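A.B. asks: Pasting model.cif here (mmCIF, C-alpha atoms):
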data_run
loop_
_atom_site.label_atom_id
_atom_site.label_comp_id
_atom_site.auth_asym_id
_atom_site.auth_seq_id
_atom_site.Cartn_x
_atom_site.Cartn_y
_atom_site.Cartn_z
CA MET S 1 103.03 13.68 69.85
CA ASN S 2 100.80 15.57 72.22
CA PRO S 3 102.20 16.53 75.57
CA GLY S 4 100.71 14.57 78.47
CA PRO S 5 98.67 16.19 81.24
CA SER S 6 101.71 16.54 83.47
CA ASP S 7 103.62 18.17 80.65
CA ARG S 8 100.69 20.50 80.07
CA SER S 9 100.56 21.56 83.72
CA LYS S 10 104.33 22.09 83.61
CA GLN S 11 103.88 24.22 80.55
CA LEU S 12 101.05 26.11 82.24
CA ALA S 13 103.15 26.75 85.32
CA ALA S 14 106.02 27.93 83.12
CA ASP S 15 103.68 30.27 81.26
CA LYS S 16 102.37 31.61 84.53
CA ARG S 17 105.91 32.22 85.74
CA ALA S 18 106.73 33.96 82.49
CA ILE S 19 103.61 36.10 82.74
CA ALA S 20 104.32 36.95 86.36
CA LYS S 21 107.89 37.78 85.47
CA GLU S 22 106.77 39.92 82.61
CA ARG S 23 104.19 41.66 84.81
CA SER S 24 106.64 42.40 87.56
CA ALA S 25 109.11 43.66 84.96
CA ARG S 26 106.39 45.88 83.59
CA GLN S 27 105.53 47.08 87.10
CA ARG S 28 109.19 47.82 87.70
CA ASP S 29 109.28 49.82 84.47
CA VAL S 30 106.13 51.70 85.40
CA ALA S 31 107.47 52.42 88.87
CA ALA S 32 110.77 53.54 87.43
CA ALA S 33 108.98 55.74 84.91
CA ARG S 34 106.86 57.20 87.69
CA ARG S 35 109.93 57.87 89.80
CA GLU S 36 111.60 59.49 86.83
CA ARG S 37 108.50 61.57 86.19
CA ASP S 38 108.41 62.61 89.83
CA ARG S 39 112.06 63.48 89.68
CA GLU S 40 111.53 65.49 86.52
CA GLY S 41 108.51 67.18 88.04
CA TRP S 42 110.49 68.00 91.14
CA ARG S 43 113.37 69.32 89.06
CA ALA S 44 110.98 71.41 86.99
CA ARG S 45 109.32 72.77 90.10
CA ARG S 46 112.68 73.54 91.66
CA ASP S 47 113.92 75.29 88.52
CA ALA S 48 110.69 77.22 88.12
CA SER S 49 110.87 78.25 91.71
CA ARG S 50 114.48 79.31 91.43
CA GLU S 51 113.73 81.20 88.27
CA ARG S 52 110.78 82.89 89.86
CA GLN S 53 112.69 83.54 93.01
CA HIS S 54 115.37 85.30 91.09
CA ALA S 55 113.29 86.78 88.33
CA GLY S 56 113.29 90.24 89.78
CA VAL S 57 116.87 89.91 90.79
CA SER S 58 118.22 88.70 87.49
CA ARG S 59 116.52 91.55 85.68
CA ALA S 60 118.21 93.89 88.08
CA LEU S 61 121.50 92.03 87.90
CA ARG S 62 121.91 92.95 84.27
CA ASP S 63 122.68 96.42 85.49
CA ARG S 64 123.75 95.35 88.87
CA ASP S 65 126.27 98.06 89.59
CA VAL S 66 123.96 101.01 89.68
CA SER S 67 121.11 98.86 90.91
CA LEU S 68 123.36 97.99 93.81
CA LEU S 69 123.59 101.64 94.80
CA ASP S 70 119.82 101.92 94.89
CA LEU S 71 119.47 98.54 96.56
CA ILE S 72 121.82 99.55 99.37
CA ASP S 73 120.03 102.87 99.84
CA ARG S 74 116.74 101.09 100.21
CA LEU S 75 117.57 97.93 102.12
CA LEU S 76 119.87 99.56 104.66
CA ASP S 77 118.15 102.92 105.08
CA GLY S 78 114.52 102.27 104.10
CA GLY S 79 111.88 99.77 105.04
CA VAL S 80 110.05 99.12 108.26
CA VAL S 81 112.23 99.12 111.35
CA ILE S 82 111.20 96.93 114.24
CA TYR S 83 112.29 98.62 117.42
CA GLY S 84 112.59 97.28 120.88
CA ASP S 85 114.41 94.58 122.73
CA ILE S 86 113.31 91.85 120.37
CA THR S 87 115.12 93.43 117.46
CA LEU S 88 118.53 92.15 116.55
CA ALA S 89 120.66 93.24 113.69
CA VAL S 90 121.87 90.41 111.48
CA ALA S 91 125.28 91.90 112.01
CA ASP S 92 126.71 95.30 112.51
CA VAL S 93 125.11 97.17 109.65
CA ASP S 94 128.04 99.57 109.70
CA LEU S 95 130.32 96.69 108.81
CA LEU S 96 128.13 95.90 105.85
CA TYR S 97 128.40 99.51 104.74
CA VAL S 98 132.17 99.35 105.01
CA GLY S 99 132.26 96.17 102.97
CA LEU S 100 130.14 97.63 100.21
CA ARG S 101 131.56 101.11 100.23
CA ALA S 102 134.53 100.31 98.01
CA MET S 103 132.24 98.72 95.47
CA VAL S 104 129.85 101.65 95.54
CA ALA S 105 132.65 104.15 95.19
CA SER S 106 133.91 102.30 92.14
CA VAL S 107 130.43 102.31 90.64
CA GLU S 108 130.23 106.07 91.01
CA THR S 109 133.60 106.34 89.34
CA ILE S 110 132.49 104.17 86.45
CA GLU S 111 129.35 106.26 86.06
CA ARG S 112 131.33 109.48 86.03
CA ASP S 113 134.21 108.41 83.83
CA LEU S 114 132.34 106.42 81.23
CA GLY S 115 129.07 108.26 81.36
CA VAL S 116 127.39 104.92 81.90
CA SER S 117 123.95 105.21 83.31
CA LEU S 118 122.15 102.07 84.28
CA SER S 119 118.99 101.02 85.99
CA ALA S 120 117.22 98.07 87.51
CA ARG S 121 115.05 95.74 85.41
CA GLY S 122 116.68 96.88 82.21
CA ALA S 123 114.64 100.05 82.11
CA SER S 124 117.59 102.16 81.30
CA LEU S 125 117.01 105.83 80.77
CA ASP S 126 120.23 107.56 80.01
CA ALA S 127 120.56 111.16 79.00
CA SER S 128 123.73 110.43 77.05
CA ALA S 129 121.93 107.75 75.05
CA LEU S 130 118.87 109.83 74.28
CA MET G 1 118.50 105.23 111.08
CA ARG G 2 120.50 102.19 112.04
CA VAL G 3 119.28 99.04 113.68
CA GLY G 4 120.79 98.45 117.13
CA PRO G 5 124.17 97.06 118.02
CA PRO G 6 125.41 93.70 116.74
CA SER G 7 124.21 90.80 118.81
CA MET G 8 126.15 87.90 117.37
CA ARG G 9 126.37 86.19 120.74
CA VAL G 10 122.61 86.03 121.00
CA LEU G 11 122.25 84.91 117.38
CA CYS G 12 124.46 81.92 118.00
CA GLU G 13 122.51 80.76 121.01
CA ALA G 14 118.95 80.52 119.75
CA LEU G 15 116.72 80.34 116.72
CA VAL G 16 115.75 83.65 115.21
CA LEU G 17 113.10 84.66 112.74
CA TYR G 18 114.27 86.84 109.90
CA VAL G 19 111.43 89.06 108.67
CA TYR G 20 111.12 90.10 105.01
CA ALA G 21 107.81 91.90 104.75
CA ILE G 22 104.40 92.51 106.24
CA ALA G 23 101.27 92.07 104.12
CA ASP G 24 97.55 92.56 104.66
CA SER G 25 96.58 89.43 102.75
CA THR G 26 98.17 86.03 102.40
CA PRO G 27 101.06 86.59 100.02
CA VAL G 28 102.04 84.05 97.41
CA TRP G 29 105.56 82.74 97.16
CA GLU G 30 107.69 79.94 95.86
CA GLY G 31 111.27 79.25 96.67
CA THR G 32 113.35 80.07 99.67
CA GLY G 33 114.88 82.90 101.63
CA LEU G 34 118.27 83.57 103.19
CA GLN G 35 120.49 80.47 103.39
CA GLY G 36 117.90 78.56 101.37
CA ALA G 37 115.53 78.53 104.36
CA ARG G 38 111.82 77.80 103.87
CA LEU G 39 109.56 80.86 103.82
CA GLU G 40 106.68 80.88 106.30
CA ALA G 41 103.81 83.16 107.19
CA VAL G 42 103.14 84.39 110.71
CA ARG G 43 99.66 85.83 111.13
CA GLU G 44 98.34 88.22 113.74
CA GLY G 45 94.84 89.52 113.12
CA ASP G 46 94.71 90.69 109.52
CA LEU G 47 98.45 91.21 109.19
CA ILE G 48 100.81 88.57 107.86
CA ALA G 49 104.58 88.62 108.18
CA VAL G 50 106.77 86.50 105.93
CA VAL G 51 109.78 85.00 107.69
CA THR G 52 112.48 82.36 107.60
CA GLU G 53 113.80 80.58 110.66
CA HIS G 54 117.52 80.35 111.32
CA GLU G 55 119.83 78.84 113.87
CA ASP G 56 122.27 81.56 113.08
CA LEU G 57 122.61 84.09 110.33
CA PRO G 58 125.76 84.96 108.45
CA PRO G 59 127.77 87.20 110.76
CA GLN G 60 129.02 89.05 107.70
CA PRO G 61 126.14 89.39 105.27
CA GLY G 62 127.17 90.37 101.77
CA GLU G 63 125.81 91.54 98.48
CA GLU G 64 124.21 88.18 97.69
CA ASP G 65 122.24 88.31 100.92
CA LEU G 66 120.91 91.74 99.99
CA TRP G 67 119.76 90.39 96.63
CA THR G 68 118.15 87.37 98.28
CA HIS G 69 116.18 89.63 100.62
CA GLU G 70 115.22 91.79 97.65
CA GLY G 71 114.22 88.75 95.56
CA VAL G 72 111.85 87.52 98.26
CA VAL G 73 110.26 90.93 98.77
CA GLU G 74 109.88 91.56 95.02
CA GLN G 75 108.15 88.24 94.62
CA LEU G 76 105.74 88.98 97.46
CA MET G 77 104.85 92.39 96.09
CA ASP G 78 103.76 90.90 92.76
CA ALA G 79 100.66 89.43 94.39
CA SER G 80 99.96 91.56 97.46
CA THR G 81 100.48 94.97 98.97
CA ILE G 82 103.43 94.72 101.30
CA LEU G 83 105.59 96.72 103.65
CA PRO G 84 109.20 95.70 103.11
CA LEU G 85 111.33 95.43 106.23
CA ARG G 86 114.77 96.90 106.53
CA PHE G 87 117.52 94.40 105.76
CA GLY G 88 118.61 92.55 108.88
CA SER G 89 115.33 92.70 110.81
CA THR G 90 115.00 89.72 113.08
CA VAL G 91 112.82 88.77 116.00
CA ARG G 92 113.30 86.16 118.69
CA ASP G 93 110.27 84.04 117.98
CA ARG G 94 106.72 83.94 116.61
CA ASN G 95 105.19 85.35 119.76
CA GLY G 96 107.59 88.28 119.71
CA LEU G 97 106.66 88.96 116.11
CA LYS G 98 102.92 88.69 116.82
CA GLU G 99 103.38 91.16 119.64
CA VAL G 100 104.97 93.68 117.26
CA LEU G 101 102.25 93.14 114.66
CA GLY G 102 99.56 93.58 117.31
CA GLN G 103 101.08 96.66 118.92
CA ARG G 104 101.73 98.46 115.64
CA ARG G 105 98.71 97.15 113.76
CA HIS G 106 97.24 100.60 113.25
CA GLU G 107 100.48 102.02 111.85
CA PHE G 108 101.13 99.05 109.53
CA THR G 109 97.55 98.91 108.26
CA GLY G 110 97.59 102.64 107.57
CA LEU G 111 100.88 102.42 105.68
CA ILE G 112 99.73 99.44 103.61
CA GLY G 113 96.50 101.32 102.86
CA ARG G 114 98.36 104.10 101.09
CA LEU G 115 100.60 101.71 99.15
CA HIS G 116 97.85 99.73 97.37
CA GLY G 117 98.51 99.49 93.65
CA ALA G 118 101.72 101.49 93.75
CA VAL G 119 105.45 100.82 93.40
CA GLU G 120 108.55 102.82 94.16
CA LEU G 121 110.69 104.27 91.39
CA GLY G 122 114.10 105.71 92.07
CA VAL G 123 115.60 108.66 90.23
CA ARG G 124 119.17 109.84 90.33
CA ALA G 125 120.29 112.92 88.51
CA ARG G 126 123.80 114.19 88.27
CA LEU G 127 125.09 117.49 87.02
CA GLU G 128 127.64 116.80 84.36
CA THR G 129 129.73 119.86 85.30
CA SER G 130 130.70 118.88 88.78
CA GLU G 131 134.27 120.19 88.76
CA ARG G 132 135.02 123.14 90.93
CA PRO G 133 135.07 126.48 89.13
CA ALA G 134 138.46 127.71 88.02
CA VAL G 135 139.92 130.48 90.09
CA SER G 136 139.79 133.63 88.00
CA ALA G 137 141.13 137.11 88.54
CA ALA G 138 138.18 138.67 86.70
CA SER G 139 136.83 140.84 89.47
CA PRO G 140 139.39 143.24 90.86
CA ALA G 141 136.95 144.61 93.46
CA SER G 142 136.40 141.39 95.36
CA GLY G 143 139.66 139.75 94.39
CA PRO G 144 140.10 136.24 93.03
CA GLY G 145 138.75 134.67 96.24
CA GLY G 146 135.51 136.64 96.00
CA ALA G 147 135.05 135.77 92.34
CA TYR G 148 135.55 132.14 93.13
CA LEU G 149 132.91 132.18 95.84
CA LEU G 150 130.49 134.08 93.62
CA GLU G 151 130.91 131.57 90.85
CA LEU G 152 130.48 128.71 93.28
CA ALA G 153 127.27 130.24 94.64
CA GLU G 154 126.07 130.82 91.09
CA ARG G 155 126.65 127.20 90.26
CA GLU G 156 124.84 126.02 93.34
CA ARG G 157 121.87 128.17 92.45
CA GLY G 158 121.91 126.76 88.93
CA ALA G 159 122.10 123.24 90.28
CA ALA G 160 119.15 123.81 92.60
CA GLU G 161 117.12 125.18 89.69
CA ILE G 162 117.92 122.25 87.47
CA LEU G 163 116.98 119.78 90.17
CA THR G 164 113.67 121.56 90.71
CA GLN G 165 113.07 121.30 86.97
CA ILE G 166 113.34 117.53 87.33
CA HIS G 167 111.59 117.00 90.65
CA GLY G 168 108.50 119.08 89.83
CA PRO G 169 107.18 117.19 86.79
CA LEU G 170 108.01 113.82 88.34
CA THR G 171 106.20 114.68 91.55
CA ARG G 172 103.08 115.45 89.53
CA LEU G 173 103.07 111.86 88.23
CA ALA G 174 103.58 110.35 91.68
CA ARG G 175 101.33 109.73 94.66
CA ARG G 176 104.11 110.70 97.00
CA SER G 177 107.71 111.64 96.65
CA ARG G 178 110.72 111.83 98.86
CA ARG G 179 113.96 113.67 98.26
CA MET G 180 116.86 111.84 99.77
CA PRO G 181 119.66 113.83 101.28
CA GLY G 182 122.95 114.04 99.43
CA GLY G 183 124.40 111.56 97.08
CA LEU G 184 127.86 110.26 97.60
CA ARG G 185 129.08 113.33 95.78
CA GLN G 186 127.88 116.87 95.45
CA GLY G 187 125.74 117.77 92.50
CA THR G 188 123.75 114.57 92.86
CA PHE G 189 119.99 114.53 93.15
CA LYS G 190 118.36 111.47 94.62
CA ALA G 191 114.65 110.91 95.08
CA ALA G 192 112.07 108.16 95.40
CA TYR G 193 108.57 108.34 93.95
CA LEU G 194 105.54 106.28 94.88
CA VAL G 195 103.88 105.67 91.52
CA ASP G 196 100.64 103.91 90.55
CA ARG G 197 101.40 100.75 88.59
CA ALA G 198 99.45 102.19 85.67
CA ARG G 199 101.70 105.23 85.67
CA ILE G 200 105.06 103.47 85.59
CA GLU G 201 105.43 103.89 81.84
CA PRO G 202 104.27 107.54 81.74
CA PHE G 203 106.71 108.22 84.58
CA ARG G 204 109.59 106.63 82.67
CA ALA G 205 108.59 108.53 79.56
CA GLN G 206 108.69 111.75 81.58
CA VAL G 207 112.18 110.90 82.85
CA ALA G 208 113.31 110.29 79.27
CA GLU G 209 111.81 113.59 78.22
CA LEU G 210 113.54 115.46 81.03
CA ALA G 211 116.80 113.76 80.21
CA ALA G 212 116.53 115.07 76.68
CA GLU G 213 115.32 118.56 77.66
CA VAL G 214 117.38 119.56 80.67
CA ASP G 215 120.94 120.44 79.71
CA GLY G 216 123.92 119.30 81.68
CA VAL G 217 122.18 116.60 83.66
CA ARG G 218 122.31 112.85 83.45
CA ILE G 219 119.24 111.08 84.78
CA THR G 220 118.77 107.46 85.81
CA CYS G 221 115.52 105.77 86.72
CA THR G 222 115.44 102.44 88.58
CA GLY G 223 112.65 100.19 89.70
CA PRO G 224 109.96 99.18 90.25
CA TRP G 225 111.12 98.66 93.82
CA PRO G 226 109.16 97.55 96.84
CA PRO G 227 108.12 100.73 98.68
CA TYR G 228 111.17 100.87 100.96
CA SER G 229 111.17 104.67 101.01
CA PHE G 230 107.49 104.91 101.92
CA SER G 231 107.35 102.41 104.76
CA SER G 232 107.35 104.73 107.71
CA GLU G 233 104.89 107.39 108.77
CA THR G 234 107.44 110.15 108.51
CA ASN G 235 107.61 109.88 104.75
#
Is it possible to express this structure as structure tokens?
C.D. replies:
Amino acid sequence: MNPGPSDRSKQLAADKRAIAKERSARQRDVAAARRERDREGWRARRDASRERQHAGVSRALRDRDVSLLDLIDRLLDGGVVIYGDITLAVADVDLLYVGLRAMVASVETIERDLGVSLSARGASLDASAL
Amino acid sequence: MRVGPPSMRVLCEALVLYVYAIADSTPVWEGTGLQGARLEAVREGDLIAVVTEHEDLPPQPGEEDLWTHEGVVEQLMDASTILPLRFGSTVRDRNGLKEVLGQRRHEFTGLIGRLHGAVELGVRARLETSERPAVSAASPASGPGGAYLLELAERERGAAEILTQIHGPLTRLARRSRRMPGGLRQGTFKAAYLVDRARIEPFRAQVAELAAEVDGVRITCTGPWPPYSFSSETN
């Protein structure tokens, strides 16, 4: 038995609803995928940026003890100084020295006692190793 | 030279700009500065300063802050010629910074001009015999005290000679060099060399050679660093 015209229109409406439902589901999936892609992209960008940001540092960190000595020499005694009334120290630089002095002293001790000689960026040139 | 007295009170009251470096072209960067703050450029004429803005800065900066500053400056120097600022340099606002850039334009441009294509390498050398000489009664004429002083003087002369042996060949590979006064202990040689990027490897090779040749000395080479030791007209 063939369905009557009213049945057919019902069927048509049902099909349309199903199609619409399917389409919106697909759109939701696409949107979700896009969001996920964006999130992944953002994560990747963040990680790349962090990695880049710390690239120089992490190379130096491998030998951070002796690098720290050279870092302190340079950052606290070198570089351009902006004079005048618009210049403010982040904090009392002397305090920073005091805080780091113990660490530096221990590095010098390590160097002396163990004959360890280290450098930034892994470019270690050590007389005792050559 | 130290930057002025602590001004924590002022820091807590207003925004400040923390300055990392000055460049003569737009530097390239990704990532953030101290306290995760966004890096920005402030331009005055042909000079560009890279800064972060802060409501207040850590009253007790530590090692991590030093490395953050260093990380930012290292990244900037990969793509442009820069003058690194001393750690802790801040200005009140953009106009204050532009004023500094304008007033000292000639100085900064000149300094950047002589840094193009070069990096800083650090060398530390330490005499392995750093103990004081033993008091001996060898010389009856001058007595044990005199012998001690003679031996001490002899050692100092020897140390000076050895350090010259190191400094000379390294200076020949550098555009500029700077001996830094005293280490934390006596018998320590400390110097910075401004070296063309193309000469970094020959310089390191020379250090290795010296380390093998010169007796009684331990040599360390660090870098490449931003040109912290060549960022003022006096050096």
A.B. asks: For Val217 of chain G, list every protein, DNA or RNA residue within 6 Å, evaluated using only C-alpha atoms, and leave out those in the same chain fewer than 5 positions away; present the list as a CSV table (one decimal) with C-alpha atoms, in the frame of the given file.
C.D. replies:
chain,number,residue,atom,x,y,z
G,126,ARG,CA,123.8,114.2,88.3
G,127,LEU,CA,125.1,117.5,87.0
G,128,GLU,CA,127.6,116.8,84.4
A.B. asks: Any chance you could work out the residue set of the PyMOL selection byres ((chain G and resi 198) around 12) here, as a PyMOL selection string?
C.D. replies: chain G and resi 117-119+173-175+194-197+199-204+224
A.B. asks: Name the residues in contact with segment 79-85 of chain G at a cut-off of 7 Å, using all atoms listed in the file, excluding same-chain residues fewer than 3 positions from it; report them as a count of residues only.
C.D. replies: 22
A.B. asks: Mind giving me the straight-line distance from atom CA of Gly168 of chain G to atom CA of Glu209 of chain G in Å, one decimal?
C.D. replies: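 If I compute the distance from atom CA of Gly168 of chain G to atom CA of Glu209 of chain G, I get 13.3 Å.
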A.B. asks: Kindly indicate which residue among S:Gln11, S:Gln27, S:Ser6, S:Ser67 lies nearest to chain G, using only C-alpha atoms for the distances.
C.D. replies: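 Once distances to chain G are computed over only C-alpha atoms, the minimum belongs to S:Ser67.
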A.B. asks: Residues within 7 Å of Leu101 of chain G, please, as a PyMOL selection string. Count all atoms listed in the file; anything in the same chain fewer than 3 positions from it doesn't count.
C.D. replies: chain G and resi 44+47+97-98+104-105
